[in-house]
Amino acid sequence: MSWDDKLLKQAKKIIKLYPQKRSALGPLLHLAQSKDGYISDDSITVISELVGITEVQVKSVSTFYSMYKQEPTGKYLLSVCKSISCEINNSSEVINKVQEFTGLNNNETDEEELFTFEAVECIGACGGAPAVQVNYETVEGVTPENAINLCEWLKETKPDVVVADEMQENFGGIKSFDWAIQDNSGATSTAPGFQTLKTTEVKK
Amino acid sequence: MSEKVNLNVNGIEIESDPNKLLIEACEDSGIHIPRFCWHKRLDPVGMCRMCLVEVETPRGKMLVPSCTTEVSDEMVVDTESDVVKKAQEGVLEFLLINHPLDCPICDKAGECPLQDQTMAYGPGESRFVEEKRHFEKPINISEIILLDRERCILCARCTRFSDEISGDPLIEFIQRGNKTEVNTFPNEPFKSYFSGNTVQICPVGALTSTSYRFKARPWDLKSTRSTCNGCPTGCSIELNSSQNKMLRILGVDNDAVNQGWMCDKGRYNFEYLNSDSRLKTPLKMMDNKLVEIEIQDVYSELTEFIKDRQTKVNFLLGSNLTNEDYVAFREFSKTISQSESSFYLNDDLLYKGFFGDNIELAKIDDLNSSDAIVVWAEDLKEKLPVLYLRIRQAVKNGVKLIVFGHTNETLSDIADVFYGKDMVSENFEILKDLSKMKEINNLVVGKNITAILGKSTPYQADESITKLFEFLNSNANSKVLNAYSKGNTYGAFQTLENLKGLNDFVNDISKDNTDLLFIVGADPIGRSVYSNQIKSIIKSIDTVVTLDNFNHETSELSDYVVPISSTLGEKEGTFTNIEFRTSRIEKLVPSPGQTVSDWEFITSLMNFAGLKAEANSLEDLNRKAYENLDSSLSPVFDNLDKPSNLDGMINISKPKISTSENKLNKTMFFTGEKLYGDSATERHSDSISMLGSKKFIEVSESVVEKYNLTSGSCTLTQDELEVTVSYEVNNNFPNDLVYIPTNRRELNKFDFSREILIIPTQVKEALNVN
Amino acid sequence: MKETILLTKHMRDNPEDSHLIDSYEKNNGYSTAKKTILESSPEKILEEIKASNIRGRGGAGFPTGVKWGFLAEDEDRYLVINADESEPGTFKDRILLERDPHQLIEGIIITCFSANIKEAFIYIRGEYAKPARRVQQAVEQAYQKGYLGKNIFGSEINLDIVVHLGAGAYICGEETALLNSLEGRRGEPRLKPPYFPAVKGLYMKPTLVNNVETISSVPWIIENGGEEYNKLGVEGSTGTRIFSLSGHVNNPGNYEIEMGSSFGEFVETLGGGIRNNKKVKAYIPGGASAPWFRGDQLDIKMTIDDVANNNSMLGSGAVVMMDEDTNLVSAAKSIVSFFAHESCGQCTPCREGTTWLEMILDRIASGRGRTSDINLLLDVCDNISPGLSWPPKMTTICPLGPSAVSPITSLMNDFRDEVESLIPTKVLL
Ligand SMILES: Cc1cc2nc3c(=O)[nH]c(=O)nc-3n(C[C@H](O)[C@H](O)[C@H](O)COP(=O)(O)O)c2cc1C
Ligand code: SF4
Ligand code: SF4
Ligand code: SF4
Ligand code: FES
Ligand code: FES
């Protein structure tokens, strides 16, 4: 088994949350994503043993969902929305700029494994179109120029914790709603930052 | 349940059982609704949308899939309206936009539902001008199955089969939406004993068998229905040939038996029929060599032995004979010898079984109607594969399953209770008081149960299993399915009296009581645990006549070898399965060279010797086989050929088995058989020959520690014999136990009553260097 | 026109800390749940919900009281909160999760009490990481206070909540797909019949599936009475509803209003009008699945029934305004490719048809269209949704496939010129 004891312990804790083991499959795949930056065959084998189904069954589930990446991702997963509200608010220009800056096509990762770029469907920030996520932390009202600034900032400061509120303050614009108090929690990998997964930290 | 519902389909009133699916109810009334994903034996998924029909509802006519809609009384249905036709055309067009134009090189062409339905319901020409979806052309998803994802229409039949029916979900949908494909996990091939079924039910040519690839076109296939004699399940099958060569075997949906399924060994172990190594001429041992002679010479030379009726003759018979063959030998034995001849079945595991007067025998269908199934036998997935599927089905329908024995692990996954090593000792004895087990009291006592009982290994004492039987018989309402696992064993039971097994053979037979020994369709030296003893007995006997399809270790020690036709497709007769259901074995291809049927050989010999045979034809023998039975119920050809009896006729005559209990001294080793082995037929069936070639043992964890095994392989030695095997750890085994599959040659040659040394490979290598 | 503030009251009054339990309790939070558990009965709660006439806020608009009443008897029953909000244009559940998670939890407690449920799941789309963190934090706080777990509020009642993250699949918003997903399977919708969640839901047990906004409304309804709630809005669309307004408007955002005013009024007042004083060319009244209305149809009333009578749906409450400069073919293409990307792939017409539609639209949008493409588009649509009528007939298992048809029929009915103008009239050889 290629998962260390700590991760296995966490996995078992997650499994216990559910009436049936298999329900933990989704969260365990998020764990695998946070560990390797994608769903490796090794992790699939570990998970298949943990929940008692075959490897191809795990693979079948993992490839159904777009957040479980099948190829390694960079440190930052840049997701730019292309759905309707963003599309009519110039998201294609944001996409162009980010692609230019990173030199990446859709679903590609650069050689330094810093950025993975993807154009995605609606991320629930349509009032703040065009919207972007970095490691599933949302920034709203991102102009093409600010999209580049955001990428540059990531490249230069390489933050280990990606925080929505921080990025919004520096690179965002119009928002879907008032975010109210500053929240410094964020994501630490290309899996969503979430307590149960231990993929979130508060940035000091 | 008996109340029927009435519905109106296309203006016609039809009747149906309630709870039926519309597609089935229509089918039963002769109204065909096109479909791809629906399959009678699989749970409906309603995915392909080809079976849409219009049903009237309070809110007007609605398009519904007939494969997921249950009938209801006074339902009004239109399966041919314009809306329905448009929808079907639409679905076909959608399916075709990504389907390659492969028909000219596709195995399925000519019997392809997609091709047929496109002709019947399809749109004219394609309006799709874009690039089709591309995948790498056929990929091997196992040693015997190929997958062409471009042809796949994503009906989920294969994935459902492997999940719901066979329980080894190794193929699955990968990706989603328009990118969905069927595939296996890297390095985890579709290694299933039942994978061939997916090829059979795939509605297009996406799944194909290596054995059939590019071999034939459906329109020049000849076919006949028959029965598989691979094991006592007796699956109903269809044989397909082209240009007098057997090319394919398909499962036939016999509701009471195999429900359309087969195991892969039954399905693919036929290529040997066309093998160049088949025995085609009679042989005689001269100067320690088998040389060809004329069949007439065999007859005349054997006549010398038998004509004075003084010769002491005995028979060792395999389990691949037809009932008529068995009868022919029975008749022969009555005629030729004054002393009683004995019949020995080529079976290490023959024991008395449970057939007494107070015992009710079970049918396969009883599995579904029991409260619980209790199993203690050989591993059923290995030995009675489709019976194993029927157990799975019963469990899926809510029947409880209690499994005994650390060797029955393939059922342990689905068992409600698995009594492994805590309950069954390394000596195959039940360790605990059954009446005190909570699960037994809950699930078995006072319940309707079907007990599947048989010995797991020759090293198991009869007594241990009798103990279980007696408990069940007195504490539950039980029926028994005796689980002998070889071919037409039950046909032998029905036709031969006082049958004995190989343990009796080695105790009884010597040159003193046997002048002439017939060995028919059996290679005990190559397979039995009594190999060494049998070998010396055979060597000592004056005249040994072997009848078989191939030369093997036993035939090579014989005085005469007679080439015979195979029971698979080369001759006619009857077969009796585990529930005493007798059905037809049919002939489809000519038998090669000078091969003859067993019964032909033996009747010809009698006639040649002037011992007028009473039964001279197959029909005579067939009639003689069942002469004790009430004629209208007896499975004679005339009755079996009635359309209502195509699935076979059950006729139980309880067998008289006069085997005595073997008293084998068990060491840490015990033997059994896996589905695949390296018997002569398997070795000569190219597409499956590698599946049973690996030599391996299974060991408990403690054995690994004790012998310091590390490299995955080791060497077994005893006297001069040395065999290198790989080992697999089996956690279900009690400590210090080693399992050896004896249907892998050489592995049966050890004397298991004495010590066998296990030497780790690295030690062995060091020894060899010195 | 003004908002009517019920669900968004606490978050507005307490922007600093509305997501924390202390703040919530200071403002009377959990008092309704406590009273319910200690003093009320399941039947009474159900009666109030029925009296409120609230209809589900997830899109289908099914009367919530009726749904609760359908729940089959069983020892194990589950509540699943649908927080998969992924319909393009919709971001109303996000604010409820992020800014007032305790209101949702209180709603869950009351709902579970009424339906005798001991375990609830909140299924949040994976991309809602921050909202999920807020909900998880709130759940933990509620456990600490003894409002969740064993013997809640000191009663005999136990209740557990698990916050479950999805992983990027719009189709998991469909309730049966959501249940499959929660069981660790592919998010493929189940067949209805036989798998109605109220009878055979999660683990084949009776299950209530309700939207975040629906359940967040429960505390107010119980506190103030179903009758009070029923007085708000109009018949058939009672209470308030949070609309997500986006597109070319000056003030996009979430607005809690009583249903009944017109879209035009809504956009002009709360929405601050169209940017740069442009005209509306078309708008989407209820999420990407809904057929569009033209700019001259702004007087349609924002009620479930009025919108339905005009052959569209109020759906998820997402209103997207498209101004006169919008390239509607690109807009339609964006929506169609959304559905093609999100199709689970089970049904042939949806799996193959949506992708094909996307390809044809792509061809037209990039000037490579053929004259025959217009009829082809319509006919492919017809093979997914026969008759192209509203509400849609379907050849598919779930409504996702037919949803992809909506923007195309809208285009073809009302803006055909725009499509035709993109097709080169002469075929160049
Ligand atoms: C394709 C599709 C997507 C859906 N997405 C959502 C969703 O994101 N959120 C939601 O609450 N309901 C969604 N629904 C509706 C749910 O199936 C279900 O009706 C709803 O969750 C019930 O809750 P309610 O009665 O409280 O509205 C969707 C339905 C379909 C067909
Ligand atoms: S491979 Fe054949 S059986 Fe399997 S999904 Fe594809 S078409 Fe169906
Ligand atoms: S289960 Fe037995 S009878 Fe059936 S196909 Fe396999 S070997 Fe033949
Ligand atoms: S309509 Fe589309 S999303 Fe819905 S079940 Fe069918 S294929 Fe899946
Ligand atoms: S459309 Fe871009 S966030 Fe919703
Ligand atoms: S046969 Fe009914 S949907 Fe496929």
# chains A, B, ... in the order shown; residues from 1 in each chain; ligands from 1
$ residues_near_ligand --ligand "ligand 5" --cutoff "7 Å" --atoms "only C-alpha atoms and all ligand atoms" --output "MDAnalysis selection string"
(chainID A and resid 81:86 121:126 129:131) or (chainID C and resid 88:90)
$ residues_near_ligand --ligand "ligand 4" --cutoff "6 Å" --atoms "only C-alpha atoms and all ligand atoms" --output "PDB file with all heavy atoms, in the first residue's frame"
ATOM      1  N   GLU C 188     -25.127   8.753 -12.032  1.00  0.00           N
ATOM      2  CA  GLU C 188     -26.087   8.526 -13.105  1.00  0.00           C
ATOM      3  C   GLU C 188     -27.491   8.530 -12.523  1.00  0.00           C
ATOM      4  O   GLU C 188     -27.749   7.851 -11.532  1.00  0.00           O
ATOM      5  CB  GLU C 188     -25.811   7.177 -13.787  1.00  0.00           C
ATOM      6  CG  GLU C 188     -24.509   7.181 -14.576  1.00  0.00           C
ATOM      7  CD  GLU C 188     -24.012   5.776 -14.905  1.00  0.00           C
ATOM      8  OE1 GLU C 188     -24.506   4.802 -14.315  1.00  0.00           O
ATOM      9  OE2 GLU C 188     -23.095   5.683 -15.751  1.00  0.00           O
ATOM     10  N   PRO C 189     -28.410   9.290 -13.129  1.00  0.00           N
ATOM     11  CA  PRO C 189     -29.785   9.267 -12.629  1.00  0.00           C
ATOM     12  C   PRO C 189     -30.360   7.852 -12.641  1.00  0.00           C
ATOM     13  O   PRO C 189     -30.019   7.046 -13.503  1.00  0.00           O
ATOM     14  CB  PRO C 189     -30.535  10.168 -13.625  1.00  0.00           C
ATOM     15  CG  PRO C 189     -29.498  11.104 -14.125  1.00  0.00           C
ATOM     16  CD  PRO C 189     -28.237  10.273 -14.211  1.00  0.00           C
ATOM     17  N   SER C 343     -23.615  15.682 -19.595  1.00  0.00           N
ATOM     18  CA  SER C 343     -24.427  14.481 -19.814  1.00  0.00           C
ATOM     19  C   SER C 343     -23.749  13.302 -19.133  1.00  0.00           C
ATOM     20  O   SER C 343     -22.541  13.118 -19.264  1.00  0.00           O
ATOM     21  CB  SER C 343     -24.538  14.200 -21.317  1.00  0.00           C
ATOM     22  OG  SER C 343     -24.975  12.870 -21.521  1.00  0.00           O
ATOM     23  N   CYS C 344     -24.525  12.506 -18.424  1.00  0.00           N
ATOM     24  CA  CYS C 344     -23.903  11.363 -17.755  1.00  0.00           C
ATOM     25  C   CYS C 344     -23.561  10.277 -18.762  1.00  0.00           C
ATOM     26  O   CYS C 344     -22.708   9.457 -18.518  1.00  0.00           O
ATOM     27  CB  CYS C 344     -24.813  10.812 -16.657  1.00  0.00           C
ATOM     28  SG  CYS C 344     -26.110   9.714 -17.221  1.00  0.00           S
ATOM     29  N   GLY C 345     -24.267  10.271 -19.891  1.00  0.00           N
ATOM     30  CA  GLY C 345     -23.917   9.323 -20.947  1.00  0.00           C
ATOM     31  C   GLY C 345     -24.741   8.061 -20.976  1.00  0.00           C
ATOM     32  O   GLY C 345     -24.514   7.189 -21.804  1.00  0.00           O
ATOM     33  N   GLN C 346     -25.704   7.937 -20.080  1.00  0.00           N
ATOM     34  CA  GLN C 346     -26.506   6.709 -20.100  1.00  0.00           C
ATOM     35  C   GLN C 346     -27.375   6.619 -21.357  1.00  0.00           C
ATOM     36  O   GLN C 346     -27.399   5.602 -22.039  1.00  0.00           O
ATOM     37  CB  GLN C 346     -27.438   6.660 -18.899  1.00  0.00           C
ATOM     38  CG  GLN C 346     -26.786   6.409 -17.570  1.00  0.00           C
ATOM     39  CD  GLN C 346     -27.844   6.131 -16.500  1.00  0.00           C
ATOM     40  OE1 GLN C 346     -28.146   4.987 -16.183  1.00  0.00           O
ATOM     41  NE2 GLN C 346     -28.431   7.166 -15.952  1.00  0.00           N
ATOM     42  N   CYS C 347     -28.138   7.662 -21.624  1.00  0.00           N
ATOM     43  CA  CYS C 347     -29.129   7.585 -22.704  1.00  0.00           C
ATOM     44  C   CYS C 347     -28.488   7.926 -24.040  1.00  0.00           C
ATOM     45  O   CYS C 347     -27.826   8.958 -24.166  1.00  0.00           O
ATOM     46  CB  CYS C 347     -30.273   8.559 -22.489  1.00  0.00           C
ATOM     47  SG  CYS C 347     -30.862   8.650 -20.820  1.00  0.00           S
ATOM     48  N   CYS C 350     -29.241  11.599 -25.391  1.00  0.00           N
ATOM     49  CA  CYS C 350     -28.564  12.678 -24.685  1.00  0.00           C
ATOM     50  C   CYS C 350     -27.065  12.610 -24.927  1.00  0.00           C
ATOM     51  O   CYS C 350     -26.424  13.600 -25.262  1.00  0.00           O
ATOM     52  CB  CYS C 350     -28.882  12.595 -23.194  1.00  0.00           C
ATOM     53  SG  CYS C 350     -27.965  13.760 -22.170  1.00  0.00           S
ATOM     54  N   ARG C 351     -26.494  11.425 -24.779  1.00  0.00           N
ATOM     55  CA  ARG C 351     -25.055  11.258 -24.931  1.00  0.00           C
ATOM     56  C   ARG C 351     -24.584  11.671 -26.328  1.00  0.00           C
ATOM     57  O   ARG C 351     -23.646  12.451 -26.483  1.00  0.00           O
ATOM     58  CB  ARG C 351     -24.674   9.796 -24.674  1.00  0.00           C
ATOM     59  CG  ARG C 351     -23.200   9.490 -24.837  1.00  0.00           C
ATOM     60  CD  ARG C 351     -22.931   7.996 -24.656  1.00  0.00           C
ATOM     61  NE  ARG C 351     -23.488   7.202 -25.737  1.00  0.00           N
ATOM     62  CZ  ARG C 351     -24.374   6.233 -25.605  1.00  0.00           C
ATOM     63  NH1 ARG C 351     -24.836   5.917 -24.417  1.00  0.00           N
ATOM     64  NH2 ARG C 351     -24.839   5.567 -26.643  1.00  0.00           N
ATOM     65  N   THR C 396     -35.446  10.464 -23.026  1.00  0.00           N
ATOM     66  CA  THR C 396     -34.324  10.188 -22.133  1.00  0.00           C
ATOM     67  C   THR C 396     -34.787   9.842 -20.717  1.00  0.00           C
ATOM     68  O   THR C 396     -35.970   9.982 -20.391  1.00  0.00           O
ATOM     69  CB  THR C 396     -33.431  11.438 -22.036  1.00  0.00           C
ATOM     70  OG1 THR C 396     -34.265  12.550 -21.695  1.00  0.00           O
ATOM     71  CG2 THR C 396     -32.741  11.722 -23.343  1.00  0.00           C
ATOM     72  N   ILE C 397     -33.843   9.452 -19.883  1.00  0.00           N
ATOM     73  CA  ILE C 397     -34.164   9.079 -18.503  1.00  0.00           C
ATOM     74  C   ILE C 397     -34.464  10.316 -17.663  1.00  0.00           C
ATOM     75  O   ILE C 397     -35.407  10.352 -16.897  1.00  0.00           O
ATOM     76  CB  ILE C 397     -32.990   8.293 -17.869  1.00  0.00           C
ATOM     77  CG1 ILE C 397     -32.817   6.939 -18.555  1.00  0.00           C
ATOM     78  CG2 ILE C 397     -33.218   8.094 -16.362  1.00  0.00           C
ATOM     79  CD1 ILE C 397     -31.606   6.145 -18.094  1.00  0.00           C
ATOM     80  N   CYS C 398     -33.636  11.349 -17.799  1.00  0.00           N
ATOM     81  CA  CYS C 398     -33.831  12.540 -16.980  1.00  0.00           C
ATOM     82  C   CYS C 398     -33.950  13.757 -17.886  1.00  0.00           C
ATOM     83  O   CYS C 398     -33.719  13.671 -19.084  1.00  0.00           O
ATOM     84  CB  CYS C 398     -32.689  12.679 -15.968  1.00  0.00           C
ATOM     85  SG  CYS C 398     -31.265  13.601 -16.581  1.00  0.00           S
ATOM     86  N   PRO C 399     -34.292  14.903 -17.353  1.00  0.00           N
ATOM     87  CA  PRO C 399     -34.538  16.073 -18.208  1.00  0.00           C
ATOM     88  C   PRO C 399     -33.273  16.763 -18.715  1.00  0.00           C
ATOM     89  O   PRO C 399     -33.394  17.777 -19.391  1.00  0.00           O
ATOM     90  CB  PRO C 399     -35.318  17.031 -17.296  1.00  0.00           C
ATOM     91  CG  PRO C 399     -35.590  16.297 -16.035  1.00  0.00           C
ATOM     92  CD  PRO C 399     -34.640  15.172 -15.948  1.00  0.00           C
ATOM     93  N   LEU C 400     -32.083  16.236 -18.397  1.00  0.00           N
ATOM     94  CA  LEU C 400     -30.901  16.959 -18.842  1.00  0.00           C
ATOM     95  C   LEU C 400     -30.809  17.023 -20.366  1.00  0.00           C
ATOM     96  O   LEU C 400     -30.526  18.073 -20.945  1.00  0.00           O
ATOM     97  CB  LEU C 400     -29.620  16.349 -18.263  1.00  0.00           C
ATOM     98  CG  LEU C 400     -28.338  17.123 -18.585  1.00  0.00           C
ATOM     99  CD1 LEU C 400     -27.362  17.075 -17.438  1.00  0.00           C
ATOM    100  CD2 LEU C 400     -27.665  16.656 -19.869  1.00  0.00           C
ATOM    101  N   GLY C 401     -31.054  15.889 -21.001  1.00  0.00           N
ATOM    102  CA  GLY C 401     -30.968  15.880 -22.465  1.00  0.00           C
ATOM    103  C   GLY C 401     -31.879  16.941 -23.067  1.00  0.00           C
ATOM    104  O   GLY C 401     -31.435  17.817 -23.821  1.00  0.00           O
TER     105      GLY C 401
END
$ interface_residues --of "chain B" --to "chain C" --cutoff "7 Å" --atoms "only C-alpha atoms" --output "list in words"
Met47, Cys48, Arg49, Leu63, Ala87, Gly90, Val91, Phe94, Leu95, Arg176, Gly177, Asn178 and Thr180 of chain B
$ write_last_selection --atoms "all heavy atoms" --output "CSV table (one decimal), in the first residue's frame"
chain,number,residue,atom,x,y,z
B,47,MET,N,-31.2,2.3,-20.9
B,47,MET,CA,-30.2,3.2,-21.4
B,47,MET,C,-30.2,3.5,-22.9
B,47,MET,O,-30.0,4.6,-23.3
B,47,MET,CB,-28.8,2.7,-21.0
B,47,MET,CG,-28.5,3.0,-19.5
B,47,MET,SD,-27.0,2.1,-19.0
B,47,MET,CE,-25.8,2.8,-20.0
B,48,CYS,N,-30.5,2.4,-23.7
B,48,CYS,CA,-30.3,2.7,-25.1
B,48,CYS,C,-31.4,3.5,-25.7
B,48,CYS,O,-31.3,4.1,-26.7
B,48,CYS,CB,-30.1,1.3,-25.8
B,48,CYS,SG,-31.6,0.4,-26.0
B,49,ARG,N,-32.6,3.4,-25.1
B,49,ARG,CA,-33.8,4.1,-25.5
B,49,ARG,C,-34.4,3.6,-26.8
B,49,ARG,O,-35.2,4.3,-27.5
B,49,ARG,CB,-33.6,5.6,-25.5
B,49,ARG,CG,-32.8,6.2,-24.4
B,49,ARG,CD,-33.4,5.8,-23.0
B,49,ARG,NE,-34.6,6.6,-22.6
B,49,ARG,CZ,-35.2,6.4,-21.5
B,49,ARG,NH1,-34.8,5.4,-20.7
B,49,ARG,NH2,-36.3,7.1,-21.2
B,63,LEU,N,-44.2,8.8,-24.1
B,63,LEU,CA,-43.1,7.9,-24.6
B,63,LEU,C,-42.5,7.3,-23.4
B,63,LEU,O,-41.9,8.0,-22.5
B,63,LEU,CB,-42.1,8.6,-25.4
B,63,LEU,CG,-42.2,8.7,-26.9
B,63,LEU,CD1,-41.0,9.5,-27.4
B,63,LEU,CD2,-42.3,7.4,-27.6
B,87,ALA,N,-38.8,8.1,-32.9
B,87,ALA,CA,-37.8,8.0,-31.8
B,87,ALA,C,-36.8,6.8,-32.1
B,87,ALA,O,-35.6,7.0,-31.8
B,87,ALA,CB,-38.6,7.7,-30.5
B,90,GLY,N,-34.4,7.9,-34.6
B,90,GLY,CA,-33.5,8.8,-34.0
B,90,GLY,C,-32.4,8.1,-33.2
B,90,GLY,O,-31.2,8.4,-33.3
B,91,VAL,N,-32.8,7.1,-32.4
B,91,VAL,CA,-31.9,6.4,-31.5
B,91,VAL,C,-30.8,5.7,-32.4
B,91,VAL,O,-29.6,5.8,-32.2
B,91,VAL,CB,-32.6,5.4,-30.6
B,91,VAL,CG1,-31.6,4.4,-30.0
B,91,VAL,CG2,-33.4,6.1,-29.5
B,94,PHE,N,-28.4,8.1,-33.8
B,94,PHE,CA,-27.5,8.5,-32.8
B,94,PHE,C,-26.4,7.4,-32.6
B,94,PHE,O,-25.3,7.7,-32.4
B,94,PHE,CB,-28.2,8.8,-31.5
B,94,PHE,CG,-29.0,10.1,-31.4
B,94,PHE,CD1,-30.2,10.2,-30.9
B,94,PHE,CD2,-28.4,11.2,-32.0
B,94,PHE,CE1,-30.9,11.4,-30.8
B,94,PHE,CE2,-29.1,12.5,-31.9
B,94,PHE,CZ,-30.4,12.5,-31.4
B,95,LEU,N,-26.9,6.2,-32.6
B,95,LEU,CA,-25.9,5.1,-32.3
B,95,LEU,C,-24.9,5.0,-33.5
B,95,LEU,O,-23.8,4.7,-33.3
B,95,LEU,CB,-26.6,3.8,-32.1
B,95,LEU,CG,-27.4,3.6,-30.8
B,95,LEU,CD1,-28.1,2.3,-30.8
B,95,LEU,CD2,-26.4,3.7,-29.6
B,176,ARG,N,-17.2,9.8,-18.7
B,176,ARG,CA,-18.7,10.0,-18.7
B,176,ARG,C,-19.1,10.7,-20.0
B,176,ARG,O,-18.3,11.1,-20.9
B,176,ARG,CB,-19.1,10.9,-17.5
B,176,ARG,CG,-18.8,12.3,-17.7
B,176,ARG,CD,-19.7,13.2,-16.8
B,176,ARG,NE,-19.4,14.6,-17.0
B,176,ARG,CZ,-19.0,15.4,-16.0
B,176,ARG,NH1,-18.8,15.0,-14.8
B,176,ARG,NH2,-18.7,16.7,-16.3
B,177,GLY,N,-20.4,10.7,-20.2
B,177,GLY,CA,-21.0,11.4,-21.3
B,177,GLY,C,-20.5,10.8,-22.6
B,177,GLY,O,-20.4,9.6,-22.8
B,178,ASN,N,-20.2,11.7,-23.6
B,178,ASN,CA,-19.8,11.3,-24.9
B,178,ASN,C,-18.5,10.6,-24.9
B,178,ASN,O,-18.1,10.0,-25.9
B,178,ASN,CB,-19.9,12.5,-25.8
B,178,ASN,CG,-19.8,12.1,-27.2
B,178,ASN,OD1,-20.5,11.2,-27.7
B,178,ASN,ND2,-19.0,12.8,-28.0
B,180,THR,N,-17.6,8.3,-22.7
B,180,THR,CA,-17.7,7.0,-22.0
B,180,THR,C,-17.2,5.9,-22.9
B,180,THR,O,-17.4,5.8,-24.1
B,180,THR,CB,-19.2,6.7,-21.6
B,180,THR,OG1,-19.7,7.9,-21.0
B,180,THR,CG2,-19.3,5.5,-20.7
$ closest_atom_pairs --of "chain A" --to "chain B" --cutoff "10 Å" --atoms "only C-alpha atoms" --output "tab-separated table"
residue	atom	partner	partner_atom	distance
A:Asp41	CA	B:Pro186	CA	8.2
A:Ile44	CA	B:Phe185	CA	9.6
A:Thr45	CA	B:Phe185	CA	9.9
A:Ile53	CA	B:Pro169	CA	8.5
A:Thr54	CA	B:Pro169	CA	6.7
A:Glu55	CA	B:Phe185	CA	6.4
A:Val56	CA	B:Phe185	CA	4.8
A:Gln57	CA	B:Glu172	CA	6.4
A:Val58	CA	B:Phe185	CA	9.3
A:Lys59	CA	B:Ile174	CA	6.8
A:Ser60	CA	B:Ile174	CA	4.6
A:Val61	CA	B:Ile174	CA	7.6
A:Ser62	CA	B:Gln175	CA	8.1
A:Thr63	CA	B:Gln175	CA	4.6
A:Phe64	CA	B:Gln175	CA	4.9
A:Tyr65	CA	B:Arg176	CA	7.9
A:Ser66	CA	B:Gln175	CA	9.1
$ atom_distance --atom1 "atom CA of B:Ile31" --atom2 "atom CA of B:Ser72"
17.0 Å
$ residues_near_ligand --ligand "ligand 1" --cutoff "8 Å" --atoms "only C-alpha atoms and all ligand atoms" --output "compact mmCIF listing (two decimals) with C-alpha atoms, in the first residue's frame"
# COMPACT_ATOMS: atom_id res chain seq x y z
CA ARG C 55 -42.71 24.60 -3.25
CA GLY C 56 -39.24 23.14 -3.71
CA ARG C 57 -36.55 25.63 -4.60
CA GLY C 58 -34.32 23.14 -6.44
CA GLY C 59 -35.97 23.65 -9.77
CA ALA C 60 -38.85 21.26 -10.07
CA GLY C 61 -41.09 23.27 -7.75
CA PHE C 62 -42.69 20.26 -6.12
CA PRO C 63 -44.84 21.10 -3.05
CA THR C 64 -42.63 20.33 -0.07
CA LYS C 67 -43.17 15.37 -0.68
CA ILE C 81 -29.81 18.32 1.34
CA ASN C 82 -29.21 19.09 -2.29
CA ALA C 83 -26.44 21.68 -2.28
CA ASP C 84 -25.08 20.73 -5.66
CA GLU C 85 -26.13 24.06 -7.16
CA SER C 86 -24.56 23.95 -10.62
CA GLU C 87 -27.17 25.25 -13.00
CA TYR C 170 -23.76 18.95 -12.67
CA ILE C 171 -25.92 15.90 -13.14
CA CYS C 172 -25.52 15.07 -9.44
CA GLY C 173 -27.98 17.88 -8.80
CA GLU C 174 -30.63 15.54 -10.16
CA GLU C 175 -31.78 13.87 -6.99
CA THR C 176 -31.34 10.21 -7.93
CA VAL C 209 -34.16 15.13 -0.97
CA ASN C 210 -34.61 18.88 -0.59
CA ASN C 211 -32.86 21.94 -1.78
CA VAL C 212 -30.81 24.19 0.52
CA GLU C 213 -33.19 27.10 0.15
CA THR C 214 -36.23 24.94 0.77
CA ILE C 215 -34.89 23.65 4.06
CA SER C 316 -33.66 27.38 -10.11
CA CYS C 398 -33.83 12.54 -16.98
CA PRO C 399 -34.54 16.07 -18.21
CA LEU C 400 -30.90 16.96 -18.84
CA SER C 403 -32.58 20.87 -21.42
